[in-house]
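Structure first, commentary second.
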Amino acid sequence: MQPYVIPFESLGIADIPEVGGKNASLGEMISNLSSSGVQVPGGFATTAHAYRDFLANDGLDKRIEEKLSTLDIEDVSALAEAGRTIRNWILEAPLPAKLEAEIREHYTRMTAGDEGSYAVRSSATAEDLPDASFAGQQETFLNIHGIANILHAIREVFASLYNDRAISYRVHKGFTHADVALSAGVQRMVRSDVGASGVMFTLDTESGFKDAVFITSSYGLGEMVVQGAVNPDEFYVHKQQLAAGFPAVIRRTLGSKLQRMVFDEQRSAGRSCRIEAVPGEDQSKFSITDEDVLQLARYAVSIEQHYGRPMDIEWGKDGNDGKLYILQARPETVKSNVAHGGSEKYRLKQRGDVLTEGRAIGQKIGVGKVRIVSGPEEMGKVEAGDILVTDMTDPNWEPVMKKAAAIVTNRGGRTCHAAIIARELGIPAIVGCGHATTALQDGEMVTVSCAEGDTGFVYHGALPFEVIVHSEQALPQIPVKLMLNVGNPTLAFEFAQLPSAGIGLARLEFIINNLIGIHPKAVLEHNRLPGKLHEAVMKRAAGYADPIEFYVEKIVEGVSTLAAAFWPKKVIVRMSDFKSNEYRKLLGGELYEPQEENPMIGFRGAGRYVAATFSDCFELECRAMKRVREKLGYTNVELMIPFVRTVQEAKEVVETLEKNGLKRGEHGLRLIMMCEIPSNALLAEEFLQYFDGFSIGSNDLTQLTLGLDRDSSLVADRFDERDGAVKALLSMAISTCNRLDKYVGICGQGPSDHFDFAQWLMEQGIQTMSLNPDTLLDTWRKLGQAK
């Protein structure tokens with residue numbers, strides 16, 4: 001006779017038809033992963049056979065089938081009434097005597113004199129399979145004491161197979177109701193109510209990047225995280241460096257963690273938990289330690305390796321014994337099934353009335369309602385899918401820019417902030433329109449097209465367009481390596497899936513602005529800041545030992561994320577290249593930065609690093625880079641120094657790096673210099689005595705050669721890297737590097753915007769070209785055809 005109840009330790013994946021994916025997986029881990037240190041609380045499961053026999057008693061299954069046979073699930077009221085009726089039938093029905101006896105027997109054996117508390121969870125027989133996930137549709141009952149309450153909770157779990165969302169889901173997925181059975185899992189509870197808990201995935205849930213473990217954590221029982229009721233802490237761990245023995249936590253994000261779910265012994269046995277506020281002091285701390293994060297990641301990797309596929313895992317930390325436990329594990333069913341690769345080409349099917357035009361950024365098309373925003377105080381007006389229209393943007397606008405379907409500005413050239421951010425976000429933008437905020441009407445529907453060459457057009461109405469996908473396969477051999485320009489670490493995992501040779505330009509100022517937002521001098525002098533500013537700095541640095549450690553560690557996290565995403569490919573990190581007007585916008589910046597007439601050629605780059613007034617700030621960047629390379633092991637990171645005006649300045653900055661523990665050649669460290677000032681090309685051989693190569697910054701080199709402001713829309717039409725004077729300097733730099741066997745690449749905007757320029761650079765013998773991600777594949781194919 002088939003058993004109605006089976007202990008977890010006797011279960012395995014082969015038992016999914018009888019106990020569902022969730023319970024079978026618990027048994028599989030207890031049997032196979034305990035030797036790897038993975039700890040799973042014990043328990044038992046009722047079988048699908050028991051469930052079906054329960055429903056067959058007194059013809060309950062026939063009544064359910066009849067009730068659902070005529071149900072229209074689109075009729076919300078009828079769905080609710082049918083579900084409520086069926087659940088009441090199940091709750092009122094007695095359990096079969098054999099089932100109840102076996103439950104009592106296994107409960108007595110499990111408790112062995114220690115009543116403890118238990119979770120009663122559902123596990124559907126079609127749940128957690130690769131082609132369907134019923135996770136979260138049925139009920140879970142926590143902190144259940146005593147056999148009478150266990151028996152009641154099991155009936156509640158059985159009934160939850162017929163809640164409204166579960167009924168609807170099965171219909172949409174084409175499952176026959178009677179084909180889905182339920183197993184109730186009874187598991188000893190981990191005391192995470194006085195500890196922490198969360199969910200982790202063995203891939204990045206947004207990009208599908210498979211070399212990272214993504215972990216969320218919050219105080220109390222895990223249901224708050226699973227339900228999305230709290231904003232948890234988040235962590236990323238890089239699998240390869242973890243396996244190599246490095247403390248591979250590459251990103252941390254402090255969640256608000258306003259509430260937690262805890263045990264409540266005063267409430268009814270079926271719902272014996274309550275929600276309480278988390279003390280402010282605990283909110284400002286991470287809910288688990290780095291050691292916990294690394295241990296969880298090791299568990300996750302072991303589980304993934306055992307199952308041979310990406311996994312979605314729930315975990316808990318017992319606040320009493322301090323140990324970490326795995327509570328559930330199931331296949332990840334979204335990103336792991338998405339095919340990656342290829343490029344998209346946008347094309348309008350028809351054109352309409354042009355409302356305004358400007359410089360096109362990217363090659364995509366966006367459609368939405370115009371939302372005119374005059375300043376940061378109006379950012380709340382922008383909703384997901386709107387067309388953001390404004391005079392110009394700065395780094396503070398990035399959170400709202402992420403919501404937009406497209407961006408349109410009055411001012412700016414194709415290397416301004418709005419353009420750079422739009423490229424990184426992969427959304428179209430039109431900059432330098434002159435009068436977009438008056439030419440467009442708030443709320444009107446428009447189409448923003450950047451798919452028509454250098455000029456972008458805003459058309460009236462929602463115009464039809466198509467997206468043509470080109471495969472990555474069969475890319476031709478070309479005599480130049482193509483790399484990527486990447487600033488925002490949160491996009492690194494997505495961009496890493498492109499077939500590039502690494503990152504040719506990682507902008508440290510993007511990391512400082514987006515992840516830190518505080519002027520480094522304010523960090524160093526945080527104890528001497530005026531009251532409100534000190535309070536703001538301390539608030540932003542919450543979760544870290546002090547503002548200095550926050551500043552350094554956030555740089556480490558940003559750079560490590562980029563290095564991990566592209567590991568072991570080269571990642572060239574440019575040290576901060578803020579101008580004084582940009583530094584002033586950071587928290588506390590106005591206290592320390594001059595107001596320069598022309599900051600573009602003012603206090604910036606190498607000259608700033610070696611200045612007595614800034615050298616202590618530069619030391620923080622050096623400390624972070626040393627930690628990235630030596631503590632975390634990312635020796636694929638190379639350092640790039642921007643805006644080196646003179647050979648003497650080159651000598652001084654290299655000496656400063658060495659004094660701060662970053663000696664050229666030590667631990668394989670290579671130093672690259674930005675070639676972006678005419679003097680760099682004219683005296684290339686002298687500069688290269690101190691560096692391992694050049695990365696050509698064609699944006700600044702063009703503006704300084706032609707004497708124009710690249711941020712000015714008034715002269716934007718004259719900004720052209722293909723000018724003969726600029727090409728002469730480029731040719732000098734490339735030939736000198738190749739003659740001296742030094743590295744030479746280009747990381748400016750030109751090759752991304754102009755294919756003929758990219759082709760000329762290839763013919764000149766450039767070793768690498770660093771492109772915007774959206775132009776990589778198209779440029780690669782064209783170069784292959786032209787060689």
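Chains: A, B, ... in order of the structure tokens. Residues: from 1 per chain. Ligands: from 1, in order shown.
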Using only C-alpha atoms, which residues sit within 12 Å of A:Arg664 once same-chain residues fewer than 2 positions away are excluded, as a compact mmCIF listing (two decimals) with N, CA and C atoms, in the first residue's frame?
# COMPACT_ATOMS: atom_id res chain seq x y z
N LYS A 626 43.56 49.55 -5.48
CA LYS A 626 44.45 48.54 -4.90
C LYS A 626 43.63 47.40 -4.30
N GLU A 638 42.93 47.55 -15.51
CA GLU A 638 44.05 48.43 -15.80
C GLU A 638 43.61 49.86 -15.52
N LEU A 639 44.56 50.74 -15.19
CA LEU A 639 44.22 52.11 -14.80
C LEU A 639 44.57 53.09 -15.90
N MET A 640 43.69 54.06 -16.09
CA MET A 640 43.89 55.08 -17.12
C MET A 640 43.85 56.47 -16.49
N VAL A 653 52.31 62.17 -11.69
CA VAL A 653 51.13 61.35 -11.40
C VAL A 653 51.51 59.88 -11.26
N VAL A 654 52.48 59.40 -12.03
CA VAL A 654 52.94 58.02 -11.89
C VAL A 654 53.62 57.82 -10.54
N GLU A 655 54.39 58.82 -10.09
CA GLU A 655 55.02 58.75 -8.77
C GLU A 655 53.97 58.75 -7.67
N THR A 656 52.91 59.52 -7.86
CA THR A 656 51.82 59.57 -6.87
C THR A 656 51.12 58.22 -6.78
N LEU A 657 50.87 57.60 -7.92
CA LEU A 657 50.25 56.27 -7.93
C LEU A 657 51.12 55.27 -7.18
N GLU A 658 52.42 55.31 -7.44
CA GLU A 658 53.33 54.37 -6.77
C GLU A 658 53.34 54.60 -5.27
N LYS A 659 53.35 55.87 -4.86
CA LYS A 659 53.33 56.20 -3.43
C LYS A 659 52.08 55.64 -2.77
N ASN A 660 50.98 55.53 -3.53
CA ASN A 660 49.72 55.01 -3.00
C ASN A 660 49.53 53.52 -3.26
N GLY A 661 50.63 52.81 -3.54
CA GLY A 661 50.58 51.36 -3.65
C GLY A 661 50.21 50.81 -5.01
N LEU A 662 50.22 51.67 -6.04
CA LEU A 662 49.87 51.23 -7.38
C LEU A 662 51.07 51.45 -8.29
N GLU A 666 53.86 46.15 -11.10
CA GLU A 666 53.73 45.30 -9.93
C GLU A 666 52.37 44.60 -9.96
N HIS A 667 52.36 43.28 -9.74
CA HIS A 667 51.14 42.46 -9.86
C HIS A 667 50.52 42.60 -11.24
N GLY A 668 51.38 42.87 -12.24
CA GLY A 668 50.91 42.97 -13.61
C GLY A 668 50.16 44.25 -13.94
N LEU A 669 50.28 45.26 -13.10
CA LEU A 669 49.51 46.50 -13.32
C LEU A 669 50.04 47.27 -14.54
N ARG A 670 49.13 47.57 -15.45
CA ARG A 670 49.46 48.43 -16.58
C ARG A 670 48.78 49.79 -16.39
N LEU A 671 49.51 50.83 -16.75
CA LEU A 671 49.00 52.20 -16.69
C LEU A 671 48.82 52.71 -18.12
N ILE A 672 47.63 53.19 -18.41
CA ILE A 672 47.30 53.74 -19.73
C ILE A 672 47.07 55.24 -19.57
N GLN A 689 57.14 57.20 -22.02
CA GLN A 689 58.15 56.71 -21.09
C GLN A 689 57.52 56.29 -19.76
N TYR A 690 56.39 56.90 -19.43
CA TYR A 690 55.77 56.71 -18.13
C TYR A 690 54.52 55.82 -18.17
N PHE A 691 54.09 55.43 -19.37
CA PHE A 691 52.84 54.68 -19.50
C PHE A 691 53.01 53.49 -20.44
N ASP A 692 52.09 52.56 -20.32
CA ASP A 692 52.13 51.35 -21.14
C ASP A 692 51.35 51.51 -22.44
DSSP strand (DSSP E) residues within stretch 272-512 of chain A, as a PyMOL selection string: chain A and resi 273-277+311-317+324-331+343-348+354-361+365-372+387-390+406-409+429-431+445-449+455-460+465-470+481-486+502-507
Quick one: residues within 9 Å of stretch 737-740 of chain A, only C-alpha atoms counted, chain neighbours fewer than 2 positions away excluded, as a ChimeraX atom specification? /A:684-685,688,693-694,732-735,742-744,765-767
Selected residues written out with N, CA, C and O atoms, as a PDB file, in the first residue's frame:
ATOM      1  N   ALA A 684      54.358  62.297 -28.047  1.00  0.00           N
ATOM      2  CA  ALA A 684      53.910  60.957 -27.674  1.00  0.00           C
ATOM      3  C   ALA A 684      55.045  60.115 -27.095  1.00  0.00           C
ATOM      4  O   ALA A 684      54.877  59.432 -26.076  1.00  0.00           O
ATOM      5  N   GLU A 685      56.210  60.148 -27.700  1.00  0.00           N
ATOM      6  CA  GLU A 685      57.302  59.297 -27.242  1.00  0.00           C
ATOM      7  C   GLU A 685      57.729  59.652 -25.821  1.00  0.00           C
ATOM      8  O   GLU A 685      58.010  58.764 -25.007  1.00  0.00           O
ATOM      9  N   LEU A 688      55.075  58.426 -23.334  1.00  0.00           N
ATOM     10  CA  LEU A 688      55.020  56.970 -23.242  1.00  0.00           C
ATOM     11  C   LEU A 688      56.166  56.371 -22.430  1.00  0.00           C
ATOM     12  O   LEU A 688      56.165  55.168 -22.150  1.00  0.00           O
ATOM     13  N   GLY A 693      50.790  52.669 -22.666  1.00  0.00           N
ATOM     14  CA  GLY A 693      50.075  52.894 -23.898  1.00  0.00           C
ATOM     15  C   GLY A 693      49.139  54.083 -23.815  1.00  0.00           C
ATOM     16  O   GLY A 693      49.025  54.745 -22.776  1.00  0.00           O
ATOM     17  N   PHE A 694      48.484  54.347 -24.929  1.00  0.00           N
ATOM     18  CA  PHE A 694      47.526  55.452 -25.054  1.00  0.00           C
ATOM     19  C   PHE A 694      46.118  54.902 -25.280  1.00  0.00           C
ATOM     20  O   PHE A 694      45.932  53.911 -25.991  1.00  0.00           O
ATOM     21  N   MET A 732      49.727  60.433 -35.682  1.00  0.00           N
ATOM     22  CA  MET A 732      50.987  60.529 -34.943  1.00  0.00           C
ATOM     23  C   MET A 732      50.961  59.634 -33.706  1.00  0.00           C
ATOM     24  O   MET A 732      51.929  58.901 -33.422  1.00  0.00           O
ATOM     25  N   ALA A 733      49.875  59.692 -32.956  1.00  0.00           N
ATOM     26  CA  ALA A 733      49.771  58.917 -31.721  1.00  0.00           C
ATOM     27  C   ALA A 733      49.771  57.416 -32.007  1.00  0.00           C
ATOM     28  O   ALA A 733      50.479  56.640 -31.340  1.00  0.00           O
ATOM     29  N   ILE A 734      48.981  56.994 -32.996  1.00  0.00           N
ATOM     30  CA  ILE A 734      48.878  55.567 -33.319  1.00  0.00           C
ATOM     31  C   ILE A 734      50.218  55.025 -33.797  1.00  0.00           C
ATOM     32  O   ILE A 734      50.680  53.966 -33.339  1.00  0.00           O
ATOM     33  N   SER A 735      50.873  55.726 -34.697  1.00  0.00           N
ATOM     34  CA  SER A 735      52.137  55.223 -35.250  1.00  0.00           C
ATOM     35  C   SER A 735      53.222  55.164 -34.187  1.00  0.00           C
ATOM     36  O   SER A 735      54.030  54.221 -34.175  1.00  0.00           O
ATOM     37  N   LYS A 742      53.732  49.700 -27.847  1.00  0.00           N
ATOM     38  CA  LYS A 742      52.850  50.091 -26.746  1.00  0.00           C
ATOM     39  C   LYS A 742      51.400  49.884 -27.172  1.00  0.00           C
ATOM     40  O   LYS A 742      51.070  49.835 -28.368  1.00  0.00           O
ATOM     41  N   TYR A 743      50.517  49.802 -26.179  1.00  0.00           N
ATOM     42  CA  TYR A 743      49.082  49.677 -26.453  1.00  0.00           C
ATOM     43  C   TYR A 743      48.546  50.984 -27.035  1.00  0.00           C
ATOM     44  O   TYR A 743      48.923  52.080 -26.610  1.00  0.00           O
ATOM     45  N   VAL A 744      47.647  50.881 -27.986  1.00  0.00           N
ATOM     46  CA  VAL A 744      46.936  52.072 -28.464  1.00  0.00           C
ATOM     47  C   VAL A 744      45.503  51.700 -28.841  1.00  0.00           C
ATOM     48  O   VAL A 744      45.251  50.749 -29.587  1.00  0.00           O
ATOM     49  N   GLY A 765      46.052  51.273 -38.128  1.00  0.00           N
ATOM     50  CA  GLY A 765      46.699  50.316 -37.241  1.00  0.00           C
ATOM     51  C   GLY A 765      46.317  50.445 -35.779  1.00  0.00           C
ATOM     52  O   GLY A 765      47.042  49.969 -34.905  1.00  0.00           O
ATOM     53  N   ILE A 766      45.158  51.068 -35.502  1.00  0.00           N
ATOM     54  CA  ILE A 766      44.681  51.127 -34.112  1.00  0.00           C
ATOM     55  C   ILE A 766      44.475  49.695 -33.615  1.00  0.00           C
ATOM     56  O   ILE A 766      44.016  48.830 -34.355  1.00  0.00           O
ATOM     57  N   GLN A 767      44.835  49.432 -32.366  1.00  0.00           N
ATOM     58  CA  GLN A 767      44.740  48.057 -31.841  1.00  0.00           C
ATOM     59  C   GLN A 767      43.343  47.732 -31.327  1.00  0.00           C
ATOM     60  O   GLN A 767      42.862  46.611 -31.483  1.00  0.00           O
TER      61      GLN A 767
END
Within 9 Å of A:Gly748, counting only C-alpha atoms, which residues qualify if same-chain residues fewer than 4 places away don't, as a list in words?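 Close residues of A:Gly748: Asn485, Leu505, Ser695, Ile696, Gly697, Ser698, Asn699, Asp700, Ser752, Met769, Ser770 and Leu771 of chain A.
Counting only C-alpha atoms and comparing A:Phe175, A:Tyr219, A:Tyr544, A:Tyr4, the residue that lies closest to A:Asp290 is A:Tyr544.
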Please provide the set of residues having any atom within 10 Å of A:Ser580, restricted to only C-alpha atoms, with same-chain residues fewer than 3 positions apart removed, written as a VMD selection string. chain A and resid 577 583 to 585 589 to 590 592 to 596 598 to 600 602 to 604 608
For the structure I just gave you, how does DSSP split stretch 59-271 of chain A - specifically, which residues are helix (DSSP H, G or I)? Reply as an MDAnalysis selection string. chainID A and resid 59:69 76:92 97:111 147:162 164:173 177:179 192:194 223:226 239:243 269:271
What lies within 12 Å of A:His534 using only C-alpha atoms, ignoring chain neighbours under 4 positions off, as a list of chain:residue names? A:Ile518, A:Ala522, A:Val523, A:Leu524, A:Glu525, A:His526, A:Asn527, A:Arg528, A:Leu529, A:Pro530, A:Met538, A:Lys539, A:Arg540, A:Ala541, A:Asp546, A:Pro547, A:Leu587, A:Gly588
Point out the residue among A:Ala418, A:Val199, A:Leu161, A:Val262 with the least atom-to-atom distance to A:Glu276, counting only C-alpha atoms.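 Closest candidate: A:Val262.
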Neighbour list for A:Lys369 as a list of chain:residue names, cut-off 9 Å, only C-alpha atoms, skip fewer than 4 positions in-chain: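 Answer for this query is A:Gly385, A:Asp386, A:Ile387, A:Leu388, A:Asp442, A:Gly443, A:Glu444, A:Met445, A:Val446, A:Thr447.
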Please compute the atom CA of A:Cys675-atom CA of A:Leu730 distance, one decimal, in Å. 8.9 Å
Please determine, counting only C-alpha atoms, which residue among A:Gly322, A:Val467, A:Arg84, A:Gly426 has the shortest atom-to-atom distance to A:Tyr346.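 The answer is A:Val467, which sits nearest to A:Tyr346.
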